[in-house]
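What follows is a set of notes on a single structure, which appears directly below.
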Amino acid sequence: FYQLFFLTVEEKYSIINKITTILAIIIAVSLPMWLINQYVFELPFGYEMHYGDWKGKNQTLILENYYFFVDAQLEHIIRFYSVFDEPGTLGTLSAFLLFANRYNFRDKRILIILIGSLFTFSLAFFILTAVGLFLFYIRTLKLILISSITITVIVVSTITVFRHNPTFKGSVLNRITTVESALGERTSEETTAYFNNYISSMQSILGKGTGFFNKNPDLLFGNGFKFFLIENGFLGLLLVIGMYLFICGKANYLVVSYLILFLLSFLQRPFLFTPYQLIVFATGVTTLKYLPALGKK
């Protein structure tokens, strides 16, 4: 967090540009191979990775490592992981990068990231991208019309292409109609019950500490804001949000909209305090503030 303030504007712009390029290359390599594996013929994989052992979570999911991509051993569920631990990880990162790059679909990298993210069937990606497009284009009447048309075309095209896909129906369509239920499903009943008692107690102010789930592994199932609040409490959440506001500095409309995306993402993926999100946010803020001036250089 502190080191970010020692970077120049040009260095931050270079970082977000390189992150965008690297992700586009990863998807450009892994997506065709994944599509071949899913729809043409099965490729040989290297070895199995047990998700619970790998992530330190109480889960039994097994991932097959094809080196250029990983794939889950889940019957009738086909989602693009690329080289990431979850489709939602790729979907969330992609949504952030699309906004940071101002939805410049003339850039081939942005198109590659968009196409790859569609195959994640990540509800987070679809919601964050729809909200991001709306916020980005709502600034004038002309942009509102462009936003409405763009979002409509993307939504209709996606539903038309994937309407018969059972994974898309289960992971996106069915869940998007019950967002509250979808958020609740991200944690186990035991974790939810514990959280409901915890959140109204005095302990919720400071939190239980980052070692809590190591001592209570049975509660470590799923993901979502509840885990962050249990570990760090309301004070921890306020401090982290304060960090983001400090990074924003003298914010313009696009920077505030970018912050809204990160806070919205926090509900399902509580990684505001992770290095990757801090870096993507701080460097993305630079493009949203200074990109026209950097472009002239």
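Each chain in the structure tokens gets a letter, A, B and so on, in the order shown; residues start at 1 in every chain, and ligands are counted from 1 in the order they appear.
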Phe225 (chain A): which residues within 12 Å, counting only C-alpha atoms, same-chain residues fewer than 3 positions away excluded, as a ChimeraX atom specification? /A:183-184,186-187,191-192,195,199,222,228-234,237,263-273
Hey, could you make a per-residue contact list for region 38-125 of chain A against region 242-255 of chain A with 10 Å as the cut-off, showing the nearest pair of atoms and its distance in Å to one decimal, counting only C-alpha atoms, sorted by chain and number, as a Markdown table?
```
| residue | atom | partner | partner_atom | distance |
| --- | --- | --- | --- | --- |
| A:Phe99 | CA | A:Leu254 | CA | 9.0 |
| A:Ala100 | CA | A:Leu254 | CA | 9.1 |
| A:Arg102 | CA | A:Leu254 | CA | 9.2 |
```
For Ser148 (chain A): contacts at 12 Å, only C-alpha atoms, fewer than 4 positions along chain excluded, given as a list in words: Ala130, Val131, Leu133, Phe134, Leu135, Phe136, Tyr137, Ile138, Leu141, Lys142, Leu143, Ile144, Thr152, Val153, Ile154, Val155 and Val156 of chain A
Identify, on the basis of only C-alpha atoms, every residue whose closest approach to Ser30 (chain A) does not exceed 12 Å; exclude the query and any residue fewer than 5 positions from it along the same chain; express the result as a list in words.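 These residues fall inside the cut-off: Leu23, Ala24, Ile25, Leu35, Ile36, Asn37, Asn65, Tyr66, Tyr67, Phe68, Phe69, Val70, Asp71, Phe80, Tyr81, Ser82, Val83, Phe84, Ile112, Ile113, Gly116, Ser117 and Phe119 of chain A.
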Long-range neighbours of Leu111 (chain A) as a compact mmCIF listing (two decimals) with N, CA, C and O atoms, in the first residue's frame, 12 Å cut-off, only C-alpha atoms, 6 positions minimum in chain:
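Now in around_35.txt:
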```txt
# COMPACT_ATOMS: atom_id res chain seq x y z
N THR A 20 -2.93 -5.85 -18.16
CA THR A 20 -3.93 -6.08 -19.20
C THR A 20 -3.36 -6.97 -20.30
O THR A 20 -4.02 -7.92 -20.75
N THR A 21 -2.14 -6.68 -20.73
CA THR A 21 -1.50 -7.47 -21.79
C THR A 21 -1.27 -8.91 -21.35
O THR A 21 -1.56 -9.85 -22.10
N LEU A 23 -2.83 -10.66 -18.99
CA LEU A 23 -4.09 -11.41 -18.87
C LEU A 23 -4.63 -11.77 -20.26
O LEU A 23 -5.12 -12.89 -20.45
N ALA A 24 -4.53 -10.85 -21.21
CA ALA A 24 -5.00 -11.13 -22.56
C ALA A 24 -4.21 -12.29 -23.18
O ALA A 24 -4.79 -13.17 -23.85
N ILE A 25 -2.90 -12.32 -22.96
CA ILE A 25 -2.07 -13.41 -23.48
C ILE A 25 -2.45 -14.74 -22.83
O ILE A 25 -2.57 -15.77 -23.50
N ILE A 27 -5.32 -15.63 -21.56
CA ILE A 27 -6.61 -16.08 -22.09
C ILE A 27 -6.47 -16.54 -23.54
O ILE A 27 -7.05 -17.55 -23.94
N ALA A 28 -5.68 -15.80 -24.33
CA ALA A 28 -5.50 -16.15 -25.75
C ALA A 28 -4.87 -17.52 -25.91
O ALA A 28 -5.14 -18.22 -26.90
N SER A 94 -11.18 -9.50 -14.64
CA SER A 94 -11.49 -9.00 -15.98
C SER A 94 -12.42 -7.81 -15.94
O SER A 94 -12.24 -6.84 -16.69
N LEU A 97 -10.43 -4.75 -15.09
CA LEU A 97 -9.55 -4.31 -16.16
C LEU A 97 -10.33 -3.69 -17.32
O LEU A 97 -9.87 -2.74 -17.96
N LEU A 98 -11.51 -4.22 -17.59
CA LEU A 98 -12.34 -3.64 -18.66
C LEU A 98 -12.68 -2.19 -18.33
O LEU A 98 -12.62 -1.32 -19.20
N ASN A 101 -9.61 0.14 -18.48
CA ASN A 101 -9.25 0.43 -19.86
C ASN A 101 -10.38 1.11 -20.62
O ASN A 101 -10.37 1.16 -21.85
N TYR A 103 -13.37 0.39 -21.39
CA TYR A 103 -14.15 -0.41 -22.34
C TYR A 103 -13.77 -0.09 -23.78
O TYR A 103 -14.64 0.02 -24.66
N ASN A 104 -12.48 0.01 -24.01
CA ASN A 104 -11.98 0.30 -25.35
C ASN A 104 -11.93 -0.99 -26.17
O ASN A 104 -10.89 -1.64 -26.27
N PHE A 105 -13.06 -1.37 -26.76
CA PHE A 105 -13.15 -2.63 -27.47
C PHE A 105 -12.43 -2.59 -28.82
O PHE A 105 -12.38 -3.61 -29.52
N SER A 117 -13.87 -14.09 -20.53
CA SER A 117 -14.66 -13.95 -19.30
C SER A 117 -16.08 -14.45 -19.47
O SER A 117 -16.70 -14.92 -18.51
N LEU A 118 -16.61 -14.36 -20.68
CA LEU A 118 -17.97 -14.87 -20.93
C LEU A 118 -18.06 -16.36 -20.62
O LEU A 118 -19.06 -16.84 -20.10
```
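Note that the spacing between CA of Tyr194 (chain A) and CA of Leu219 (chain A) amounts to 8.3 Å.
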Tell me, which residues of region 10-109 of chain A carry DSSP alpha helix (DSSP H), written as an mmCIF file with C-alpha atoms, in the first residue's frame?
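What landed in part.cif:
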```cif
data_model
loop_
_atom_site.group_PDB
_atom_site.id
_atom_site.type_symbol
_atom_site.label_atom_id
_atom_site.label_comp_id
_atom_site.auth_asym_id
_atom_site.auth_seq_id
_atom_site.Cartn_x
_atom_site.Cartn_y
_atom_site.Cartn_z
ATOM 1 C CA GLU A 10 3.827 6.868 -15.938
ATOM 2 C CA GLU A 11 4.918 3.804 -13.926
ATOM 3 C CA LYS A 12 1.360 3.145 -12.727
ATOM 4 C CA TYR A 13 0.060 3.447 -16.262
ATOM 5 C CA SER A 14 2.738 1.018 -17.429
ATOM 6 C CA ILE A 15 1.774 -1.487 -14.709
ATOM 7 C CA ILE A 16 -1.959 -1.571 -15.520
ATOM 8 C CA ASN A 17 -1.069 -1.755 -19.223
ATOM 9 C CA LYS A 18 1.217 -4.750 -18.619
ATOM 10 C CA ILE A 19 -1.366 -6.485 -16.403
ATOM 11 C CA THR A 20 -3.932 -6.084 -19.201
ATOM 12 C CA THR A 21 -1.502 -7.466 -21.790
ATOM 13 C CA ILE A 22 -0.485 -10.429 -19.625
ATOM 14 C CA LEU A 23 -4.090 -11.406 -18.873
ATOM 15 C CA ALA A 24 -5.003 -11.129 -22.563
ATOM 16 C CA ILE A 25 -2.068 -13.413 -23.480
ATOM 17 C CA ILE A 26 -3.036 -15.939 -20.777
ATOM 18 C CA ILE A 27 -6.611 -16.076 -22.085
ATOM 19 C CA ALA A 28 -5.499 -16.145 -25.746
ATOM 20 C CA VAL A 29 -3.419 -19.250 -25.011
ATOM 21 C CA SER A 30 -5.635 -21.069 -22.517
ATOM 22 C CA LEU A 31 -9.108 -20.441 -24.017
ATOM 23 C CA PRO A 32 -8.549 -22.215 -27.376
ATOM 24 C CA MET A 33 -6.993 -25.205 -25.612
ATOM 25 C CA TRP A 34 -9.857 -25.310 -23.113
ATOM 26 C CA LEU A 35 -12.421 -25.162 -25.939
ATOM 27 C CA ILE A 36 -10.653 -28.030 -27.729
ATOM 28 C CA ASN A 37 -10.648 -30.052 -24.511
ATOM 29 C CA GLN A 38 -14.340 -29.423 -23.903
ATOM 30 C CA TYR A 39 -15.833 -29.667 -27.383
ATOM 31 C CA TYR A 51 -8.771 -27.728 -3.908
ATOM 32 C CA GLY A 52 -9.169 -28.034 -0.146
ATOM 33 C CA ASP A 53 -5.528 -28.981 0.446
ATOM 34 C CA TRP A 54 -4.302 -26.379 -2.008
ATOM 35 C CA LYS A 55 -6.394 -23.486 -0.680
ATOM 36 C CA PRO A 87 -13.823 -18.840 -12.663
ATOM 37 C CA GLY A 88 -14.988 -15.958 -10.475
ATOM 38 C CA THR A 89 -11.380 -14.890 -9.888
ATOM 39 C CA LEU A 90 -10.844 -14.452 -13.612
ATOM 40 C CA GLY A 91 -14.273 -12.865 -14.049
ATOM 41 C CA THR A 92 -13.754 -10.321 -11.267
ATOM 42 C CA LEU A 93 -10.249 -9.326 -12.398
ATOM 43 C CA SER A 94 -11.489 -9.003 -15.981
ATOM 44 C CA ALA A 95 -14.371 -6.743 -14.947
ATOM 45 C CA PHE A 96 -11.924 -4.422 -13.180
ATOM 46 C CA LEU A 97 -9.548 -4.307 -16.164
ATOM 47 C CA LEU A 98 -12.337 -3.644 -18.656
ATOM 48 C CA PHE A 99 -13.372 -0.567 -16.679
ATOM 49 C CA ALA A 100 -9.779 0.590 -16.093
ATOM 50 C CA LYS A 108 -7.795 -6.468 -29.202
ATOM 51 C CA ARG A 109 -6.636 -7.215 -25.655
#
```
If I take CA of Gln277 (chain A) and CA of Glu64 (chain A), how far is one from the other in Å, to one decimal? 26.6 Å
So how far away is CA of Val285 (chain A) from CA of Phe5 (chain A), in Å? 12.4 Å
